[in-house]
Every structure is written in structure tokens, then in C-alpha cells.
Amino acid sequence: MQDNTSDNLYTKVILNGLWRQNPALRLLIGMCPPLAVTTGVRPALTMGLSVIFVLSCSNLVVSLIRPFLRPHVRIIVFTITIATFVTICDLLLKAYLPAMSEVLGPYVPLIIVNCLIIFRAEACASKSPVLLSVIDALGMGGGFTVALLILASIREVLATGCWAGWQVMPKAFVPWLAMQMPVGAFVTLGLLLGLIAMVSGSKEARHG
Amino acid sequence: MSKLRLIIQESWLVMLAAFVSGLLMAATDLGLAGRIEQNKQQRLKELMAGLLPQASSFTELESRFSLSDAKGRSQPVVVYRAADSQARCVGWAFVAQGQGFSDRIELIVAVDAGFTRLAGFRVLTCSETPGFGDKIRQPDFQRQFEGAPGGGLELVRFGDRSKVDQQIVAITGATVTSNAVVEILNKTLEGLRSQMMEKGLIGDAG
């Protein structure tokens, strides 16, 4: 009976990150990567996986040390923890995916100041057991990655006619160069947020 | 004494976190630094080999070169000597950098053995506007430099890109970036040529 309750809780936490509190599409936090690295599906996926790695590691560590955290030093401890894993992630990308590391440029080190990571450390990991904190990281990181992939798919297909490098539009398709520029990111994100608000609004109306 | 104890009591976790963090980062860096450096050298050599296909080896010169940047600070420049299979010098390659429209632009540049003609350039780092400034990566723009004079390049707005001379036709909508490339090349070529002549690496005719 208790197992069922835990399973339900974990499923709820995952779904929370993926949809109800999707960081990029519902909470609008950590908005730098959704605007900056969504020109292509491959860099977006790499960024998403990097965020999942950093978020999972930082939530794991913060949850482990939570009995020793004092209120006035917690933010600096979170920052040190996050910066460590971001630096490790950046070095791993430089060593094993050098071309992708170059495409992502400064946006990987910038994960340090992505408020999603510190938000989850503060709101979840510093108050929850280890397993729940890691599952929360997977849900939130997964939701963030899905948002990046949706944005990147729309922008890459319209800007180049390709998806992850594969040609998907007919040869006659005229690329919309604007989609590769910052304006393309803002317009796509705005339309996507509007669509999500419409869908969730009608859902809420149906359920009263 | 009690003050010291209070400080330790309140901040031991920060000190421990900083220490462990430093250890972890140092260990990762130690483990991966070799591979990262190898990747960098590999990429540089691939680009240089593309620019000077007749070269079979590239050797970093022991002599040190430096150029002053926009703020007057001296920046070191590494120069590679390209040699063919009989160890004859077939050209030189180096990294040139300068300010572009949105950020710094880094180029790998190759010139002939006498430092008189450009063999071309490739882009190492560029964060210029997609669709405009980043067109400096396109062969159509880069081909204008392949065989162009090794200095005194000038930017023009209109012209024939297939004609290789000192006139470089700008990218439409990216005049600032095009101008940055021309200025980076002119400044680096001029600065390096005089230093290499001083060191006797190239002749006066160069």
C-alpha cells in the first residue's frame, strides 16, 4: 500500500516537471537557453541533457547535506555545488563533444546562473529525501529538455528545412532566416506560450 | 577564541564544500586536459591542412610574437611553419583575432612562404548575427581571400567576388563584420610580417 503511494508520488513529481510546472513553458524560469540555443535540435538536446546532469547531481548533493544546511549559508553552498557540476559538464563536453561544445559556446557555463537549478535546490532538494530530489530533477530537467526540443524543432525546420540535420521540407521550401535569429526565438516562444495557455485554460474551464 | 569557534561553527560547510568542489574540478581537469588540448590541436591542424594542402607538417615556432589589441595590451600570437615532405617551408599559419559586431572573432590564417599572399582563412570563433555576420564562414566570402595580397586589403560594398585582388566585397547586411575580418587580417599580417623579418624568418622581399 505504501509502495503504491510512493509510486504515485514519484509519478506525480515527474508529471509536475514535464507539464504542470514545466520550467520553461509554465513557470518561465531559466529562459536563457530556450531563447539562445534553440536554433537547432542537436544543440538543444545537448543543452537539455547537460541541465538534467547538473540538476540531478546538485539535487542529490543538496539533499544529502540538507541536515547540515544553515539558512544564512545555504545559497552559497548551492552555488558552489552547481558551479562544480557545471564546470565538470563543460569539461566533459569539451573533451568528448568538442564540436557541440563550440556551438553551445558560453551557454554551458551559464547554466551556473540558470535559476531553475537553484530553484529546485531551494524548493525541493533542501527539504526532501534523496530519491525524491533526484526524481524531481529528472522531471524538471526532462520538462526543460522537452521545451527546448519543441522550440528547436519548430525553429530549425522553418529556418533550414531540416530537423536535426535531416532534410524534412520539400526542396522548393524557402527558409525563413528570421527563425534563426533572436526574433524567431521570441515569436516561437510567444506563440507556444499562447497555445499552452489556451489549452490549459480550456482544460481548467472544463473541470470547473 | 569563542569568535573563531563561532566562525567555524557557522561556516564549516561552506569551507568543506569549497574544498571538495576544488578537488573535484581539479581532478576532472587533470583527467581531461590532455584530451581537450588534443582536440584543439587536431581542429587547428585540420583547418591549417585545408588552407595549405601542399604541407605535410605544421611546427609551432619557438620564437614568440605579439600584437597589441584595441586597448593597447600585448597579445601573444603562435605561428606555425608549414613544411612539405622535403621539409621545405610552404607557408605560415597563425591565429588572428579582433572585435566583430557582437563579440570577438578568431580566425586561423594561412599565408605563403614569403608572407606575400594569403592562402586563406577559416573561422575559429564567431558569434556574429546568424544569417548575416556569420556568413563569413561561407566559402563564397572566404574564396576572395585565397591568393589575395598579404596586406593592404580594402572593403568594398559592391564588386565581383570571383576576382581575387585586394578588394574584398562585403557581405550584404554585415558590413561591420566584413570590415572586422579585413581589419583583423591587415593588422595581423602587417604586425607579424615585420616581426618575422626582424627575426630573419622571411626575406625583405616579403
# chains A, B, ... in the order shown; residues from 1 in each chain; ligands from 1
>>> interface_residues(of="chain B", to="chain A", cutoff="12 Å", atoms="only C-alpha atoms", output="VMD selection string")
chain B and resid 7 9 to 43 103 123 to 134
>>> residues_around(residues="B:Thr59", least_positions_apart="3", cutoff="9 Å", atoms="only C-alpha atoms", output="MDAnalysis selection string")
chainID B and resid 79:83
>>> atom_distance(atom1="atom CA of B:Gln54", atom2="atom CA of B:Gly120")
13.7 Å
>>> atom_distance(atom1="atom CA of B:Ala93", atom2="atom CA of B:Met48")
6.8 Å
>>> closest_residue(among="A:Ile112, A:Ile29, A:Leu158, A:Leu138", to="A:Val13", atoms="only C-alpha atoms")
A:Leu138
>>> select_by_dssp(residues="stretch 2-180 of chain B", states="strand (DSSP E or B)", output="PyMOL selection string")
chain B and resi 57-60+65-68+74-77+79-83+89-99+104-111+117-125+149+154-156+167-169
>>> select_by_dssp(residues="stretch 64-186 of chain B", states="alpha helix (DSSP H)", output="list in words")
Pro139, Asp140, Phe141, Gln142, Thr175, Val176, Thr177, Ser178, Asn179, Ala180, Val181, Val182, Glu183, Ile184, Leu185 and Asn186 of chain B
>>> write_last_selection(atoms="C-alpha atoms", output="PDB file, in the first residue's frame")
ATOM      1  CA  PRO B 139      33.093  29.658 -48.965  1.00  0.00           C
ATOM      2  CA  ASP B 140      31.678  32.389 -51.235  1.00  0.00           C
ATOM      3  CA  PHE B 141      33.109  35.076 -48.907  1.00  0.00           C
ATOM      4  CA  GLN B 142      36.268  33.178 -47.934  1.00  0.00           C
ATOM      5  CA  THR B 175      29.385  45.465 -43.328  1.00  0.00           C
ATOM      6  CA  VAL B 176      30.696  45.737 -39.759  1.00  0.00           C
ATOM      7  CA  THR B 177      31.612  42.036 -39.594  1.00  0.00           C
ATOM      8  CA  SER B 178      33.140  42.079 -43.107  1.00  0.00           C
ATOM      9  CA  ASN B 179      35.163  45.132 -42.163  1.00  0.00           C
ATOM     10  CA  ALA B 180      36.255  43.459 -38.915  1.00  0.00           C
ATOM     11  CA  VAL B 181      37.651  40.482 -40.879  1.00  0.00           C
ATOM     12  CA  VAL B 182      39.542  42.770 -43.270  1.00  0.00           C
ATOM     13  CA  GLU B 183      40.945  44.845 -40.401  1.00  0.00           C
ATOM     14  CA  ILE B 184      41.952  41.787 -38.368  1.00  0.00           C
ATOM     15  CA  LEU B 185      43.816  40.392 -41.379  1.00  0.00           C
ATOM     16  CA  ASN B 186      45.513  43.685 -42.321  1.00  0.00           C
TER      17      ASN B 186
END
>>> atom_distance(atom1="atom CA of A:Val134", atom2="atom CA of A:Thr38")
25.8 Å
>>> residues_around(residues="A:Tyr107", least_positions_apart="6", cutoff="8 Å", atoms="only C-alpha atoms", output="PyMOL selection string")
chain A and resi 33+36-37
>>> write_last_selection(atoms="C-alpha atoms", output="mmCIF file, in the first residue's frame")
data_model
loop_
_atom_site.group_PDB
_atom_site.id
_atom_site.type_symbol
_atom_site.label_atom_id
_atom_site.label_comp_id
_atom_site.auth_asym_id
_atom_site.auth_seq_id
_atom_site.Cartn_x
_atom_site.Cartn_y
_atom_site.Cartn_z
ATOM 1 C CA PRO A 33 18.764 28.560 -23.142
ATOM 2 C CA ALA A 36 19.637 31.181 -27.200
ATOM 3 C CA VAL A 37 20.359 27.556 -28.089
#
>>> residues_around(residues="B:Asp69", least_positions_apart="5", cutoff="8 Å", atoms="only C-alpha atoms", output="PyMOL selection string")
chain B and resi 74-75+98
>>> residues_around(residues="B:Gly150", least_positions_apart="4", cutoff="9 Å", atoms="only C-alpha atoms", output="short mmCIF file (atom, residue, chain, number, x, y, z; two decimals) with N, CA and C atoms, in the first residue's frame")
data_model
loop_
_atom_site.label_atom_id
_atom_site.label_comp_id
_atom_site.auth_asym_id
_atom_site.auth_seq_id
_atom_site.Cartn_x
_atom_site.Cartn_y
_atom_site.Cartn_z
N VAL B 111 49.34 31.98 -44.88
CA VAL B 111 49.98 32.77 -45.94
C VAL B 111 51.05 31.92 -46.62
N ASP B 112 51.53 32.41 -47.78
CA ASP B 112 52.56 31.64 -48.48
C ASP B 112 53.92 31.78 -47.77
N PHE B 115 55.31 35.28 -47.21
CA PHE B 115 54.40 36.18 -46.49
C PHE B 115 53.86 37.27 -47.43
N THR B 116 53.75 36.94 -48.73
CA THR B 116 53.29 37.95 -49.68
C THR B 116 51.83 37.75 -50.07
N ARG B 117 51.37 36.51 -50.06
CA ARG B 117 49.99 36.24 -50.49
C ARG B 117 49.27 35.41 -49.42
N LEU B 118 47.98 35.70 -49.30
CA LEU B 118 47.15 34.93 -48.36
C LEU B 118 46.78 33.59 -48.98
N ALA B 119 46.86 32.53 -48.18
CA ALA B 119 46.36 31.24 -48.68
C ALA B 119 44.88 31.12 -48.32
N GLN B 166 43.05 42.90 -53.92
CA GLN B 166 42.98 43.44 -52.55
C GLN B 166 41.60 43.94 -52.19
N LEU B 185 42.79 40.94 -40.49
CA LEU B 185 43.82 40.39 -41.38
C LEU B 185 44.91 41.42 -41.66
N ASN B 186 44.51 42.65 -42.01
CA ASN B 186 45.51 43.69 -42.32
C ASN B 186 46.45 43.92 -41.14
N LEU B 189 48.63 40.69 -40.32
CA LEU B 189 49.63 40.42 -41.36
C LEU B 189 50.77 41.43 -41.28
N GLU B 190 50.40 42.70 -41.14
CA GLU B 190 51.42 43.76 -41.08
C GLU B 190 52.33 43.58 -39.86
#
>>> residues_around(residues="B:Ser194", least_positions_apart="3", cutoff="12 Å", atoms="only C-alpha atoms", output="PyMOL selection string")
chain B and resi 65-67+115+151+187-191+197-206
>>> residues_around(residues="A:Leu60", least_positions_apart="5", cutoff="10 Å", atoms="only C-alpha atoms", output="PyMOL selection string")
chain A and resi 54-55+65+121+125-126+129-135+137
>>> closest_residue(among="B:Ala55, B:Ile8, B:Leu192, B:Val90", to="B:Ala113", atoms="only C-alpha atoms")
B:Val90
